[in-house]
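S.K.: Have a peek at structure27.txt (compact mmCIF, C-alpha atoms and all ligand atoms).
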```
# COMPACT_ATOMS: atom_id res chain seq x y z
CA MET A 299 -13.36 25.64 -4.15
CA ARG A 300 -16.01 23.11 -3.21
CA LEU A 301 -13.32 20.46 -2.81
CA ARG A 302 -11.46 22.62 -0.37
CA VAL A 303 -14.50 22.84 1.90
CA VAL A 304 -15.22 19.12 1.74
CA TYR A 305 -11.70 17.90 2.48
CA ILE A 306 -10.27 20.49 4.79
CA ILE A 307 -12.75 19.48 7.49
CA PRO A 308 -11.55 15.87 7.94
CA VAL A 309 -7.94 17.02 7.78
CA LEU A 310 -8.45 19.56 10.56
CA ALA A 311 -10.49 17.12 12.63
CA LEU A 312 -7.79 14.45 12.42
CA ALA A 313 -5.03 16.91 13.11
CA ALA A 314 -6.85 17.76 16.32
CA GLY A 315 -6.67 14.11 17.29
CA VAL A 316 -10.34 13.46 16.72
CA SER A 317 -11.04 9.87 15.71
CA LEU A 318 -13.13 10.40 12.65
CA ALA A 319 -15.27 7.81 10.94
CA LEU A 320 -14.75 8.72 7.33
CA GLY A 321 -16.18 6.52 4.61
CA GLY A 322 -16.77 4.02 7.40
CA GLY A 323 -13.08 3.87 8.31
CA VAL A 324 -11.70 4.88 11.67
CA LEU A 325 -8.27 6.46 11.98
CA SER A 326 -5.91 4.14 13.81
CA GLU A 327 -3.28 5.39 16.22
CA HIS A 328 -1.24 7.79 14.07
CA GLY A 329 -1.59 5.66 10.94
CA PRO A 330 -3.80 6.24 7.88
CA ILE A 331 -7.43 5.18 7.96
CA PRO A 332 -7.91 1.63 6.59
CA SER A 333 -8.84 0.85 3.00
CA VAL A 334 -7.06 3.67 1.15
CA THR A 335 -4.56 1.63 -0.91
CA GLY A 336 -6.05 2.55 -4.28
CA ALA A 337 -7.18 -1.07 -4.91
CA PRO A 338 -9.61 -1.21 -7.85
CA ALA A 339 -13.14 -2.63 -7.68
CA ILE A 340 -13.02 -6.46 -7.50
CA ARG A 341 -16.23 -8.47 -7.91
CA SER A 342 -18.66 -7.14 -5.30
CA LYS A 343 -16.01 -4.96 -3.61
CA ALA A 344 -15.92 -1.29 -4.47
CA ALA A 345 -12.65 0.45 -5.33
CA GLU A 346 -10.59 1.87 -2.49
CA LEU A 347 -9.63 5.51 -2.41
CA ASN A 348 -6.01 6.47 -1.77
CA CYS A 349 -4.09 8.88 0.44
CA THR A 350 -4.97 11.85 -1.78
CA LEU A 351 -8.38 11.76 -0.13
CA CYS A 352 -6.72 13.95 2.51
CA HIS A 353 -3.14 14.52 1.33
CA LEU A 354 -4.18 16.47 -1.71
CA ASN A 355 -3.00 19.55 -3.49
CA PHE A 356 -5.42 22.07 -4.85
CA ASP A 357 -3.17 23.41 -7.56
CA TRP A 358 -1.54 20.27 -9.00
CA ASN A 359 -2.18 16.54 -9.26
CA ASN A 360 0.04 14.85 -6.66
CA LEU A 361 -0.81 11.22 -7.54
CA ASN A 362 1.99 9.18 -9.18
CA THR A 363 4.11 12.21 -10.01
CA PRO A 364 6.78 11.20 -12.58
CA GLY A 365 10.21 10.53 -11.09
CA GLY A 366 8.89 8.81 -7.98
CA SER A 367 7.28 5.51 -7.05
CA VAL A 368 6.17 3.09 -4.40
CA GLU A 369 7.31 -0.49 -5.04
CA ILE A 370 6.31 -3.81 -3.50
CA LEU A 371 9.51 -5.88 -3.54
CA GLY A 372 10.27 -9.50 -2.63
CA LEU A 373 7.05 -11.06 -3.82
CA PRO A 374 7.36 -14.47 -5.46
CA ARG A 375 5.92 -15.06 -8.93
CA ALA A 376 3.67 -17.72 -7.37
CA TYR A 377 3.03 -18.51 -3.71
CA ALA A 378 3.15 -21.92 -2.06
CA PRO A 379 0.35 -22.53 0.47
CA GLY A 380 1.36 -21.61 4.02
CA GLN A 381 4.76 -20.27 2.94
CA THR A 382 6.04 -17.01 4.46
CA TYR A 383 7.62 -14.34 2.26
CA ARG A 384 9.60 -11.22 3.19
CA ILE A 385 8.13 -8.12 1.60
CA HIS A 386 9.75 -4.72 1.23
CA VAL A 387 7.83 -1.53 0.49
CA ARG A 388 10.06 1.15 -1.00
CA ILE A 389 9.20 4.76 -1.76
CA SER A 390 11.53 6.78 -3.97
CA THR A 391 11.21 10.44 -4.88
CA ASP A 392 13.31 13.57 -4.61
CA SER A 393 10.21 15.77 -4.63
CA THR A 394 10.35 16.36 -0.86
CA LYS A 395 14.15 16.63 -0.77
CA VAL A 396 14.28 20.26 0.33
CA PHE A 397 12.10 19.58 3.39
CA LEU A 398 14.39 18.45 6.19
CA ASP A 399 11.39 17.40 8.25
CA ARG A 400 9.96 15.16 5.50
CA ASP A 401 8.02 12.06 6.48
CA TRP A 402 7.14 8.85 4.67
CA GLY A 403 4.32 6.36 5.05
CA PHE A 404 2.36 3.64 3.29
CA GLU A 405 -0.54 1.22 3.50
CA LEU A 406 -0.61 -2.20 1.80
CA THR A 407 -3.17 -4.98 1.48
CA ALA A 408 -3.42 -8.42 -0.17
CA VAL A 409 -6.71 -9.70 -1.59
CA ARG A 410 -7.97 -12.77 -3.39
CA ALA A 411 -8.41 -12.27 -7.11
CA SER A 412 -11.57 -14.40 -7.10
CA ASP A 413 -13.65 -12.29 -4.72
CA GLY A 414 -11.59 -9.40 -3.32
CA GLU A 415 -11.60 -10.76 0.26
CA GLY A 416 -8.42 -10.45 2.34
CA CYS A 417 -5.76 -13.04 1.43
CA GLY A 418 -3.08 -14.53 3.70
CA THR A 419 -1.69 -13.12 6.94
CA PHE A 420 0.73 -10.29 7.61
CA VAL A 421 3.45 -10.78 10.21
CA LEU A 422 5.45 -7.89 11.68
CA ASP A 423 8.90 -8.10 13.15
CA ASP A 424 8.90 -4.45 14.16
CA PRO A 425 5.57 -3.47 15.76
CA ASP A 426 7.08 -0.15 16.82
CA THR A 427 7.25 1.20 13.28
CA LEU A 428 4.54 -0.86 11.56
CA GLN A 429 1.05 -1.99 12.50
CA ILE A 430 -1.75 -4.13 11.09
CA VAL A 431 -5.29 -2.77 10.98
CA SER A 432 -8.49 -4.35 9.72
CA GLY A 433 -10.56 -3.07 6.84
CA ALA A 434 -13.05 -0.25 6.84
CA SER A 435 -16.32 -0.72 8.70
CA GLY A 436 -19.66 1.03 8.44
CA ASP A 437 -20.79 1.75 4.90
CA ARG A 438 -17.51 0.31 3.54
CA SER A 439 -17.85 -2.94 5.54
CA ASP A 440 -17.55 -4.91 2.27
CA LEU A 441 -13.81 -4.34 2.85
CA ALA A 442 -13.84 -5.51 6.49
CA SER A 443 -12.16 -8.88 5.75
CA ARG A 444 -9.05 -7.17 4.44
CA TRP A 445 -5.96 -6.53 6.56
CA TYR A 446 -3.65 -3.57 6.07
CA VAL A 447 0.00 -3.08 6.97
CA GLN A 448 0.83 0.57 7.55
CA HIS A 449 3.34 2.86 9.27
CA THR A 450 2.97 3.97 12.89
CA ALA A 451 3.90 7.41 14.22
CA ASN A 452 7.40 6.02 14.90
CA GLY A 453 7.63 4.54 11.41
CA VAL A 454 7.51 7.71 9.30
CA ARG A 455 11.30 7.72 8.71
CA ASN A 456 11.44 11.41 9.66
CA GLY A 457 14.08 13.39 7.76
CA ILE A 458 15.44 10.33 5.87
CA SER A 459 16.31 10.87 2.21
CA SER A 460 14.91 8.79 -0.67
CA PRO A 461 14.59 5.85 -1.01
CA VAL A 462 12.97 4.64 2.21
CA GLU A 463 12.00 1.07 2.92
CA TRP A 464 9.95 -0.97 5.41
CA THR A 465 10.09 -4.76 5.73
CA PHE A 466 7.53 -7.27 7.00
CA SER A 467 6.29 -10.76 6.14
CA TRP A 468 3.27 -12.19 4.38
CA GLN A 469 2.17 -15.74 5.01
CA ALA A 470 0.27 -17.22 2.09
CA PRO A 471 -3.07 -18.90 2.84
CA ALA A 472 -2.75 -22.51 4.01
CA THR A 473 -5.03 -23.74 1.25
CA PRO A 474 -4.82 -22.53 -2.35
CA GLN A 475 -7.06 -19.50 -2.86
CA ASP A 476 -6.46 -18.23 -6.38
CA SER A 477 -4.02 -15.41 -7.15
CA ALA A 478 -3.19 -12.86 -4.46
CA LEU A 479 -3.40 -9.23 -5.54
CA PHE A 480 -1.26 -6.73 -3.63
CA TYR A 481 -2.12 -3.04 -3.52
CA CYS A 482 -0.09 -0.31 -1.90
CA ALA A 483 -0.30 3.46 -1.54
CA GLY A 484 2.74 5.39 -0.35
CA ASN A 485 3.06 8.99 0.73
CA ALA A 486 6.15 11.17 0.56
CA ALA A 487 5.05 13.97 2.89
CA ASN A 488 6.88 17.25 3.30
CA GLY A 489 6.25 17.24 7.05
CA ASN A 490 4.71 20.69 7.24
CA LEU A 491 1.67 19.29 9.09
CA ASP A 492 -0.54 20.41 6.27
CA SER A 493 -2.25 18.20 3.71
CA GLY A 494 -0.67 20.00 0.74
CA GLY A 495 2.80 19.49 -0.73
CA ASP A 496 2.74 15.71 -0.26
CA PHE A 497 3.37 13.17 -3.06
CA VAL A 498 1.26 10.02 -3.23
CA PHE A 499 2.14 6.90 -5.23
CA THR A 500 0.27 3.65 -5.85
CA ALA A 501 1.40 0.17 -6.93
CA ALA A 502 -0.21 -3.18 -7.72
CA GLU A 503 1.32 -6.67 -8.00
CA THR A 504 -0.10 -10.11 -8.74
CA VAL A 505 1.19 -13.30 -7.12
CA LEU A 506 -0.13 -16.49 -8.68
CA ASP A 507 -1.27 -19.44 -6.66
CA SER A 508 1.25 -22.20 -7.44
CA VAL A 509 -1.32 -24.98 -6.96
CA THR A 510 -4.15 -23.90 -9.24
CA THR A 511 -1.82 -22.14 -11.69
CA PRO A 512 1.28 -24.38 -11.68
CA VAL A 513 4.60 -22.91 -12.71
CA ARG A 514 5.66 -25.63 -15.15
CA PRO A 515 9.25 -26.74 -14.89
CA MET A 516 10.88 -26.42 -18.31
CA SER A 517 13.47 -28.80 -19.72
CA TRP A 518 16.80 -27.34 -20.81
CA GLY A 519 15.93 -28.30 -24.40
CA ALA A 520 12.67 -26.38 -24.19
CA VAL A 521 14.46 -23.30 -22.84
CA LYS A 522 16.95 -23.41 -25.72
CA ARG A 523 14.17 -23.88 -28.27
CA ARG A 524 12.40 -20.81 -26.90
CA PHE A 525 15.43 -18.56 -27.43
CA ARG A 526 16.77 -20.16 -30.64
CA ASP A 527 15.17 -17.85 -33.16
C1 LIG A 601 -8.73 10.78 6.35
C2 LIG A 601 -7.62 11.61 6.00
C3 LIG A 601 -6.28 10.96 5.73
C4 LIG A 601 -6.02 9.93 4.86
C5 LIG A 601 -6.97 9.18 3.96
C6 LIG A 601 -4.59 9.73 4.94
N1 LIG A 601 -4.03 10.59 5.82
FE1 LIG A 601 -2.07 10.70 6.31
N2 LIG A 601 -2.47 12.21 7.60
C7 LIG A 601 -3.70 12.78 7.80
C8 LIG A 601 -3.57 13.86 8.77
C9 LIG A 601 -4.70 14.76 9.25
C10 LIG A 601 -2.22 13.90 9.15
C11 LIG A 601 -1.59 14.85 10.18
C12 LIG A 601 -1.30 16.16 9.58
C13 LIG A 601 -0.12 16.10 8.67
O1 LIG A 601 0.95 15.84 9.18
O2 LIG A 601 -0.26 16.33 7.45
C14 LIG A 601 -1.55 12.84 8.40
C15 LIG A 601 -0.21 12.58 8.47
C16 LIG A 601 0.47 11.65 7.72
C17 LIG A 601 1.90 11.40 7.75
C18 LIG A 601 2.95 12.07 8.60
C19 LIG A 601 2.92 13.51 8.77
C20 LIG A 601 3.32 14.41 7.61
O3 LIG A 601 2.43 14.93 6.90
O4 LIG A 601 4.51 14.64 7.44
C21 LIG A 601 2.17 10.40 6.87
C22 LIG A 601 3.52 9.80 6.52
C23 LIG A 601 0.90 10.02 6.29
N3 LIG A 601 -0.11 10.78 6.82
C24 LIG A 601 0.76 9.01 5.37
C25 LIG A 601 -0.47 8.63 4.79
C26 LIG A 601 -0.60 7.56 3.84
C27 LIG A 601 0.53 6.69 3.33
C28 LIG A 601 -1.91 7.51 3.50
C29 LIG A 601 -2.58 6.58 2.52
C30 LIG A 601 -2.26 5.17 2.60
C31 LIG A 601 -2.59 8.53 4.28
N4 LIG A 601 -1.68 9.20 5.05
C32 LIG A 601 -3.93 8.75 4.22
C33 LIG A 601 -4.88 12.42 7.21
C34 LIG A 601 -5.02 11.38 6.32
```
Just give me the structure as structure tokens.

M.R.:
Amino acid sequence: MRLRVVYIIPVLALAAGVSLALGGGVLSEHGPIPSVTGAPAIRSKAAELNCTLCHLNFDWNNLNTPGGSVEILGLPRAYAPGQTYRIHVRISTDSTKVFLDRDWGFELTAVRASDGEGCGTFVLDDPDTLQIVSGASGDRSDLASRWYVQHTANGVRNGISSPVEWTFSWQAPATPQDSALFYCAGNAANGNLDSGGDFVFTAAETVLDSVTTPVRPMSWGAVKRRFRD
């Protein structure tokens, strides 16, 4: 019951279009507040919350419900400095199937493994459906160096059936900066304009830095030896 009181207030305030500084973050134009990808604590950076901060159910746990997922696709095993990669975020679930007005959304960030600061640059080819926002400010300003790709009001794929996908690019840092850690939270919302009945998923991927952690080319003989027994 206490939870209900605490969380229903921000939800109502945001629904009324009030820009609310919550946990230091400010709601961007029709997208989620920054720094809610579910990224864990890294060095001096505290863990991020996820979309269930507001899109929560009071009678069941709606985080990573079996049968659904958010996936970060297209990432290389290791990045080359300055190289640009196409990334696809895909949400799959049939949990909101019966809701014809269902909506979908996500938020993704990339951080350096060494210190949790933002890593690389996001590039959008469709600024109508996606946007880039900077990290939380205020008492979460330790996350300010991070950048987040997220859906806009036009990017919620209204009424589309699972799976849904968004595509954008990530340009690796120009100089080697250790592994890049990607974190993403996705929301399959039922579109009833209420925080309940939505399904939230999280994902994490690691992309090595090809300079400091070289991917060693293997001779054909070595490959055969590896699979011989
Ligand atoms: C601070 C509270 C808050 C957080 C955190 C939050 N949202 Fe929302 N979100 C809202 C409110 C309020 C609405 C508008 C009411 C509604 O539609 O549910 C909304 C609406 C949406 C909608 C479209 C409307 C719908 O419900 O059908 C999507 C999609 C969405 N959010 C995705 C996300 C994703 C993805 C995250 C996490 C990365 C997230 N939200 C985090 C408050 C929040």

S.K.: In Å, how far is it from CA of Pro338 (chain A) to CA of Ala408 (chain A)?

M.R.: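 Pair CA of Pro338 (chain A) / CA of Ala408 (chain A) returns 12.2 Å.
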
S.K.: All residues within 6 Å of ligand LIG 601 (chain A) are required, counting only C-alpha atoms and all ligand atoms; please report them as a count of residues only.

M.R.: 27

S.K.: Pick out the closest residue to Pro379 (chain A) from this set: A:Gln429, A:Ser460, A:Thr419, A:Thr504. Count all atoms listed in the file.

M.R.: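 Of A:Gln429, A:Ser460, A:Thr419, A:Thr504, the one nearest Pro379 (chain A), counting all atoms listed in the file, is A:Thr419.
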
S.K.: At a cut-off of 12 Å from (-0.3, -23.0, -1.4) in the coordinates of the file, what residues are picked up using only C-alpha atoms, written as a count of residues only?

M.R.: 27

S.K.: Set the distance at 7 Å and use only C-alpha atoms: which residues neighbour Val409 (chain A) once local chain neighbours fewer than 4 positions away are removed? I'd like the list as a PyMOL selection string.

M.R.: chain A and resi 414-417+444+478-480

S.K.: Tell me, as a list in words, which residues lie within 8 Å of Val462 (chain A), counting only C-alpha atoms; anything in the same chain fewer than 4 positions away does not count.

M.R.: Arg388, Ile389, Ser390, Trp402, Arg455 and Ile458 of chain A

S.K.: Could you save the residues just selected, with C-alpha atoms, as an mmCIF file, in the frame of the given file?

M.R.:
```cif
data_model
loop_
_atom_site.group_PDB
_atom_site.id
_atom_site.type_symbol
_atom_site.label_atom_id
_atom_site.label_comp_id
_atom_site.auth_asym_id
_atom_site.auth_seq_id
_atom_site.Cartn_x
_atom_site.Cartn_y
_atom_site.Cartn_z
ATOM 1 C CA ARG A 388 10.060 1.150 -1.000
ATOM 2 C CA ILE A 389 9.200 4.760 -1.760
ATOM 3 C CA SER A 390 11.530 6.780 -3.970
ATOM 4 C CA TRP A 402 7.140 8.850 4.670
ATOM 5 C CA ARG A 455 11.300 7.720 8.710
ATOM 6 C CA ILE A 458 15.440 10.330 5.870
#
```

S.K.: What is the distance, in Å and to one decimal place, between CA of His386 (chain A) and CA of Gly329 (chain A)?

M.R.: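 So the two atoms, CA of His386 (chain A) and CA of Gly329 (chain A), lie 18.2 Å apart.
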
S.K.: In Å, rounded to a single decimal, give me how far CA of Thr427 (chain A) is from CA of Glu369 (chain A).

M.R.: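 Straight-line distance from CA of Glu369 (chain A) to CA of Thr427 (chain A) works out to 18.4 Å.
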
S.K.: Which residue is closest to Asn360 (chain A)? Choose from A:Ser342, A:Thr394, A:Thr465, A:Thr450 and count all atoms listed in the file.

M.R.: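 Smallest distance to Asn360 (chain A) is found for A:Thr394.
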
S.K.: Pick the closest to His449 (chain A) from A:Thr350, A:Leu406, A:Asp413, A:Val421: which is it, counting only C-alpha atoms?

M.R.: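 Distance minimum relative to His449 (chain A) lands on A:Leu406.
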
S.K.: Env of Leu441 (chain A): 7 Å cut, atoms = all atoms listed in the file, seq-sep filter 6 positions within chain, self excluded. Answer as a ChimeraX atom specification.

M.R.: /A:343,433-434

S.K.: Any idea what's packed within 8 Å of Asn362 (chain A), counting all atoms listed in the file, ignoring anything in its chain fewer than 2 positions away? Could you give it as JSON, numbers by chain?

M.R.: {"A": [360, 364, 366, 367, 497, 498, 499, 500]}
